[in-house]
Amino acid sequence: METSSQLASRLTAASRRKFWDVYNFFDWPEQLTDMWCMSPELLSIYGTPAFEALTEEQQKRLSLYECGNFFSLVLQGERPLVQGLVHRYYSKSYAKEITEYLHHFVDEENKHMVMFGEFCNRYVGKVYPEKKISLSREWAKGEEEVAFFCKVMVVEELGDYYNVLIARDDRVDPLARAINAQHHVDEARHLAFGRKFLAETFEKYSAEWTPEVLAGFQKWLGDYLRSSWGDYYNPTMYRDAGLEGGYELRQLAMTHPAPAEHRRKASAKLVDYFLGVGILAAEPQL
Ligand SMILES: [Fe+2]
Ligand SMILES: [Fe+2]
């Protein structure tokens, strides 16, 4: 079976072959088209009475701000990701092929922040700030390392679910589609690396964990996943889209069965991975 170092070498070669220049890759029109910015079925309140009460024009306006919020929350996940990866460069516990690949991982994430930031600033007027409050806690040996790569998987797998569906949706504005498509191309490599490396890292450290440490970690991960979904329901985003009652809409998205079913579907691949590796013992309530 291929090890993470062997996989890293292959991915390094692929990243070099597909090396791209974020500053010359996209055309940035003065204005977006009047198409959707995100597939309507992916909008946070899709399937609720609040969504059905909107005109198509209002729904499309919401899709611009939801797209801005989505790009912002991926960008806000990439910031600590880059910080954490750079911090790990040349770590003694990593094979040299891993560090070599991390340079590409960071380079690509940096480009993603540039393209997401450019889109948000141009068409939404801002990048939405980070919402997550990270509670400091005591970690057992290796727990923080496993947690770091779990957070990477959460932001990348959930983001990729959206990227793939939006990239292939011809109802969506061409620039919004192109950004989602390009992100998916790079993320396919990051995800392949993350799945392998996290499984190896978990296996290495969790062998020494007591059942209490493992249970505590699993609870933390379930909470982290729920809070990541909460970021999709940003009250300021609803207000910017011209909708009243941002907090009520957030509450609706968190409690109505239609968005709950969407969360289950969009998280299925990620949750199956966590269950398969043993990082989770049961499907979390999302
Ligand atoms: Fe990315
Ligand atoms: Fe990534």
# chains A, B, ... in the order shown; residues from 1 in each chain; ligands from 1

call {"tool": "closest_atom_pairs", "arguments": {"of": "chain A", "to": "ligand 2", "cutoff": "7 Å", "atoms": "only C-alpha atoms and all ligand atoms", "output": "CSV"}}
result
residue,atom,partner,partner_atom_place_in_ligand_line,distance
A:Phe105,CA,ligand 2,1 (Fe),6.8
A:Glu109,CA,ligand 2,1 (Fe),5.7
A:Glu156,CA,ligand 2,1 (Fe),5.7
A:Asp186,CA,ligand 2,1 (Fe),6.7
A:Glu187,CA,ligand 2,1 (Fe),4.6
A:His190,CA,ligand 2,1 (Fe),5.1

call {"tool": "residues_around", "arguments": {"residues": "stretch 40-52 of chain A", "least_positions_apart": "3", "cutoff": "9 Å", "atoms": "only C-alpha atoms", "output": "ChimeraX atom specification"}}
result
/A:36-37,55,59-60,62-63,66-67,162,165-166,232-233,249-250,252-253,256-259,262

call {"tool": "write_last_selection", "arguments": {"atoms": "N, CA and C atoms", "output": "tab-separated table (two decimals), in the first residue's frame"}}
result
chain	number	residue	atom	x	y	z
A	36	TRP	N	-27.46	33.14	-11.27
A	36	TRP	CA	-27.25	32.75	-9.87
A	36	TRP	C	-25.75	32.79	-9.58
A	37	CYS	N	-25.38	33.03	-8.31
A	37	CYS	CA	-23.96	32.94	-7.93
A	37	CYS	C	-23.68	31.60	-7.28
A	55	THR	N	-39.07	36.48	-3.99
A	55	THR	CA	-39.15	36.51	-5.45
A	55	THR	C	-37.85	35.91	-6.00
A	59	GLN	N	-34.09	35.84	-4.38
A	59	GLN	CA	-33.34	34.59	-4.21
A	59	GLN	C	-31.96	34.70	-4.86
A	60	LYS	N	-31.93	35.33	-6.04
A	60	LYS	CA	-30.65	35.50	-6.74
A	60	LYS	C	-29.74	36.45	-5.99
A	62	LEU	N	-29.78	36.86	-2.77
A	62	LEU	CA	-29.29	36.05	-1.65
A	62	LEU	C	-28.13	35.16	-2.11
A	63	SER	N	-28.24	34.62	-3.34
A	63	SER	CA	-27.18	33.71	-3.82
A	63	SER	C	-25.83	34.42	-3.94
A	66	GLU	N	-24.63	34.64	-0.29
A	66	GLU	CA	-24.28	33.29	0.21
A	66	GLU	C	-22.96	32.84	-0.42
A	67	CYS	N	-22.77	33.19	-1.69
A	67	CYS	CA	-21.51	32.86	-2.36
A	67	CYS	C	-20.36	33.61	-1.67
A	162	TYR	N	-19.64	21.74	-2.26
A	162	TYR	CA	-20.21	22.91	-2.94
A	162	TYR	C	-19.49	23.17	-4.27
A	165	LEU	N	-20.60	20.85	-7.20
A	165	LEU	CA	-21.96	21.08	-7.70
A	165	LEU	C	-22.09	22.43	-8.41
A	166	ILE	N	-21.46	23.46	-7.88
A	166	ILE	CA	-21.57	24.79	-8.48
A	166	ILE	C	-20.81	24.83	-9.82
A	232	TYR	N	-22.27	28.70	8.02
A	232	TYR	CA	-22.98	28.89	6.75
A	232	TYR	C	-24.23	29.77	6.94
A	233	TYR	N	-24.64	29.94	8.20
A	233	TYR	CA	-25.90	30.66	8.47
A	233	TYR	C	-25.57	31.99	9.16
A	249	LEU	N	-33.55	33.74	10.65
A	249	LEU	CA	-33.24	32.91	9.47
A	249	LEU	C	-32.15	31.89	9.82
A	250	ARG	N	-31.18	32.32	10.60
A	250	ARG	CA	-30.12	31.39	11.05
A	250	ARG	C	-30.75	30.25	11.86
A	252	LEU	N	-33.83	29.25	11.74
A	252	LEU	CA	-34.63	28.43	10.83
A	252	LEU	C	-33.74	27.42	10.10
A	253	ALA	N	-32.60	27.91	9.59
A	253	ALA	CA	-31.69	27.01	8.86
A	253	ALA	C	-31.18	25.89	9.77
A	256	HIS	N	-34.95	23.67	10.72
A	256	HIS	CA	-35.90	23.15	9.71
A	256	HIS	C	-35.35	21.85	9.09
A	257	PRO	N	-36.22	20.86	8.82
A	257	PRO	CA	-35.73	19.58	8.28
A	257	PRO	C	-35.02	19.67	6.92
A	258	ALA	N	-35.38	20.64	6.06
A	258	ALA	CA	-34.76	20.68	4.72
A	258	ALA	C	-33.25	21.00	4.81
A	259	PRO	N	-32.85	22.08	5.49
A	259	PRO	CA	-31.40	22.31	5.65
A	259	PRO	C	-30.71	21.17	6.42
A	262	HIS	N	-29.90	18.58	4.01
A	262	HIS	CA	-28.77	19.06	3.19
A	262	HIS	C	-27.44	18.87	3.95

call {"tool": "closest_residue", "arguments": {"among": "A:Lys126, A:Arg263, A:His87, A:Lys151", "to": "A:Leu102", "atoms": "only C-alpha atoms"}}
result
A:His87

call {"tool": "select_by_dssp", "arguments": {"residues": "stretch 84-215 of chain A", "states": "helix (DSSP H, G or I)", "output": "compact mmCIF listing (two decimals) with C-alpha atoms, in the first residue's frame"}}
result
# COMPACT_ATOMS: atom_id res chain seq x y z
CA GLY A 84 -0.39 25.45 10.75
CA LEU A 85 1.26 23.93 7.69
CA VAL A 86 4.10 26.46 7.65
CA HIS A 87 4.59 25.81 11.36
CA ARG A 88 5.07 22.11 10.49
CA LYS A 96 11.25 15.15 3.64
CA GLU A 97 8.73 14.36 0.88
CA ILE A 98 5.96 15.57 3.19
CA THR A 99 7.55 18.98 3.78
CA GLU A 100 8.23 19.26 0.07
CA TYR A 101 4.55 18.72 -0.66
CA LEU A 102 3.45 21.10 2.10
CA HIS A 103 5.18 23.92 0.19
CA HIS A 104 2.75 23.31 -2.70
CA PHE A 105 -0.20 22.90 -0.37
CA VAL A 106 0.56 26.32 1.15
CA ASP A 107 1.24 27.93 -2.24
CA GLU A 108 -2.13 26.72 -3.51
CA GLU A 109 -4.03 27.78 -0.39
CA ASN A 110 -2.44 31.20 -0.66
CA LYS A 111 -3.72 31.51 -4.22
CA HIS A 112 -7.18 30.41 -3.09
CA MET A 113 -7.27 33.21 -0.53
CA VAL A 114 -6.26 35.68 -3.25
CA MET A 115 -9.06 34.58 -5.61
CA PHE A 116 -11.75 34.31 -2.92
CA GLY A 117 -10.71 37.63 -1.42
CA GLU A 118 -10.76 39.34 -4.82
CA PHE A 119 -14.25 38.05 -5.58
CA CYS A 120 -15.62 39.05 -2.17
CA ASN A 121 -14.08 42.53 -2.19
CA ARG A 122 -15.18 43.28 -5.74
CA TYR A 123 -18.74 42.00 -5.74
CA VAL A 124 -19.79 41.78 -2.08
CA GLU A 143 -4.35 15.07 19.95
CA GLU A 144 -3.60 18.58 18.71
CA GLU A 145 -1.90 17.19 15.61
CA VAL A 146 -4.89 14.95 14.83
CA ALA A 147 -7.29 17.85 15.54
CA PHE A 148 -5.40 20.13 13.15
CA PHE A 149 -5.72 17.68 10.24
CA CYS A 150 -9.38 16.99 11.15
CA LYS A 151 -10.11 20.72 10.87
CA VAL A 152 -8.38 20.72 7.46
CA MET A 153 -10.61 17.83 6.32
CA VAL A 154 -13.78 19.54 7.53
CA VAL A 155 -13.18 22.83 5.69
CA GLU A 156 -11.91 21.08 2.56
CA GLU A 157 -14.53 18.30 2.27
CA LEU A 158 -17.52 20.55 2.93
CA GLY A 159 -16.12 23.20 0.58
CA ASP A 160 -15.51 20.60 -2.11
CA TYR A 161 -19.11 19.38 -1.99
CA TYR A 162 -20.21 22.91 -2.94
CA ASN A 163 -17.37 23.46 -5.45
CA VAL A 164 -18.23 20.36 -7.50
CA LEU A 165 -21.96 21.08 -7.70
CA ILE A 166 -21.57 24.79 -8.48
CA ALA A 167 -18.80 24.24 -11.07
CA PRO A 174 -19.35 31.90 -15.35
CA LEU A 175 -16.83 33.57 -13.02
CA ALA A 176 -18.38 32.00 -9.90
CA ARG A 177 -18.31 28.63 -11.67
CA ALA A 178 -14.67 29.07 -12.76
CA ILE A 179 -13.53 29.87 -9.21
CA ASN A 180 -15.32 26.81 -7.82
CA ALA A 181 -13.88 24.64 -10.62
CA GLN A 182 -10.31 25.82 -10.06
CA HIS A 183 -10.60 25.34 -6.32
CA HIS A 184 -11.79 21.78 -6.85
CA VAL A 185 -8.78 20.95 -9.07
CA ASP A 186 -6.30 21.88 -6.32
CA GLU A 187 -8.44 20.53 -3.49
CA ALA A 188 -8.64 17.06 -5.06
CA ARG A 189 -4.89 16.75 -4.31
CA HIS A 190 -5.16 18.27 -0.83
CA LEU A 191 -7.97 15.89 0.04
CA ALA A 192 -6.06 12.83 -1.21
CA PHE A 193 -3.10 13.85 0.95
CA GLY A 194 -5.27 14.75 3.95
CA ARG A 195 -7.16 11.45 3.96
CA LYS A 196 -3.97 9.41 3.92
CA PHE A 197 -1.92 11.57 6.27
CA LEU A 198 -4.68 12.00 8.86
CA ALA A 199 -5.35 8.24 8.93
CA GLU A 200 -1.64 7.52 9.54
CA THR A 201 -1.36 10.27 12.16
CA PHE A 202 -4.48 9.09 13.98
CA GLU A 203 -3.31 5.49 13.99
CA LYS A 204 0.10 6.50 15.32
CA TYR A 205 -1.14 8.59 18.26
CA SER A 206 -4.51 7.10 19.17
CA PRO A 211 -10.77 5.42 26.06
CA GLU A 212 -11.59 8.73 27.85
CA VAL A 213 -9.17 10.70 25.67
CA LEU A 214 -10.65 9.12 22.52
CA ALA A 215 -14.23 9.82 23.67

call {"tool": "residues_around", "arguments": {"residues": "A:Lys131", "least_positions_apart": "2", "cutoff": "7 Å", "atoms": "only C-alpha atoms", "output": "PyMOL selection string"}}
result
chain A and resi 129+133+231

call {"tool": "atom_distance", "arguments": {"atom1": "atom CA of A:Gln285", "atom2": "atom CA of A:Arg264"}}
result
8.8 Å

call {"tool": "closest_residue", "arguments": {"among": "A:Gly77, A:Pro235, A:Gly278, A:Gly246", "to": "A:Phe217", "atoms": "only C-alpha atoms"}}
result
A:Gly278

call {"tool": "atom_distance", "arguments": {"atom1": "atom CA of A:Ala140", "atom2": "atom CA of A:Glu78"}}
result
25.1 Å

call {"tool": "atom_distance", "arguments": {"atom1": "atom CA of A:Tyr128", "atom2": "atom CA of A:Asp240"}}
result
11.0 Å

call {"tool": "closest_residue", "arguments": {"among": "A:Tyr238, A:Phe274, A:Tyr23, A:Phe71", "to": "ligand 1", "atoms": "only C-alpha atoms and all ligand atoms"}}
result
A:Phe71

call {"tool": "closest_residue", "arguments": {"among": "A:Leu243, A:Ala207, A:Ala14, A:Val74", "to": "ligand 1", "atoms": "only C-alpha atoms and all ligand atoms"}}
result
A:Val74

call {"tool": "closest_residue", "arguments": {"among": "A:Arg10, A:Leu75, A:Phe70, A:Asp21", "to": "ligand 1", "atoms": "only C-alpha atoms and all ligand atoms"}}
result
A:Leu75
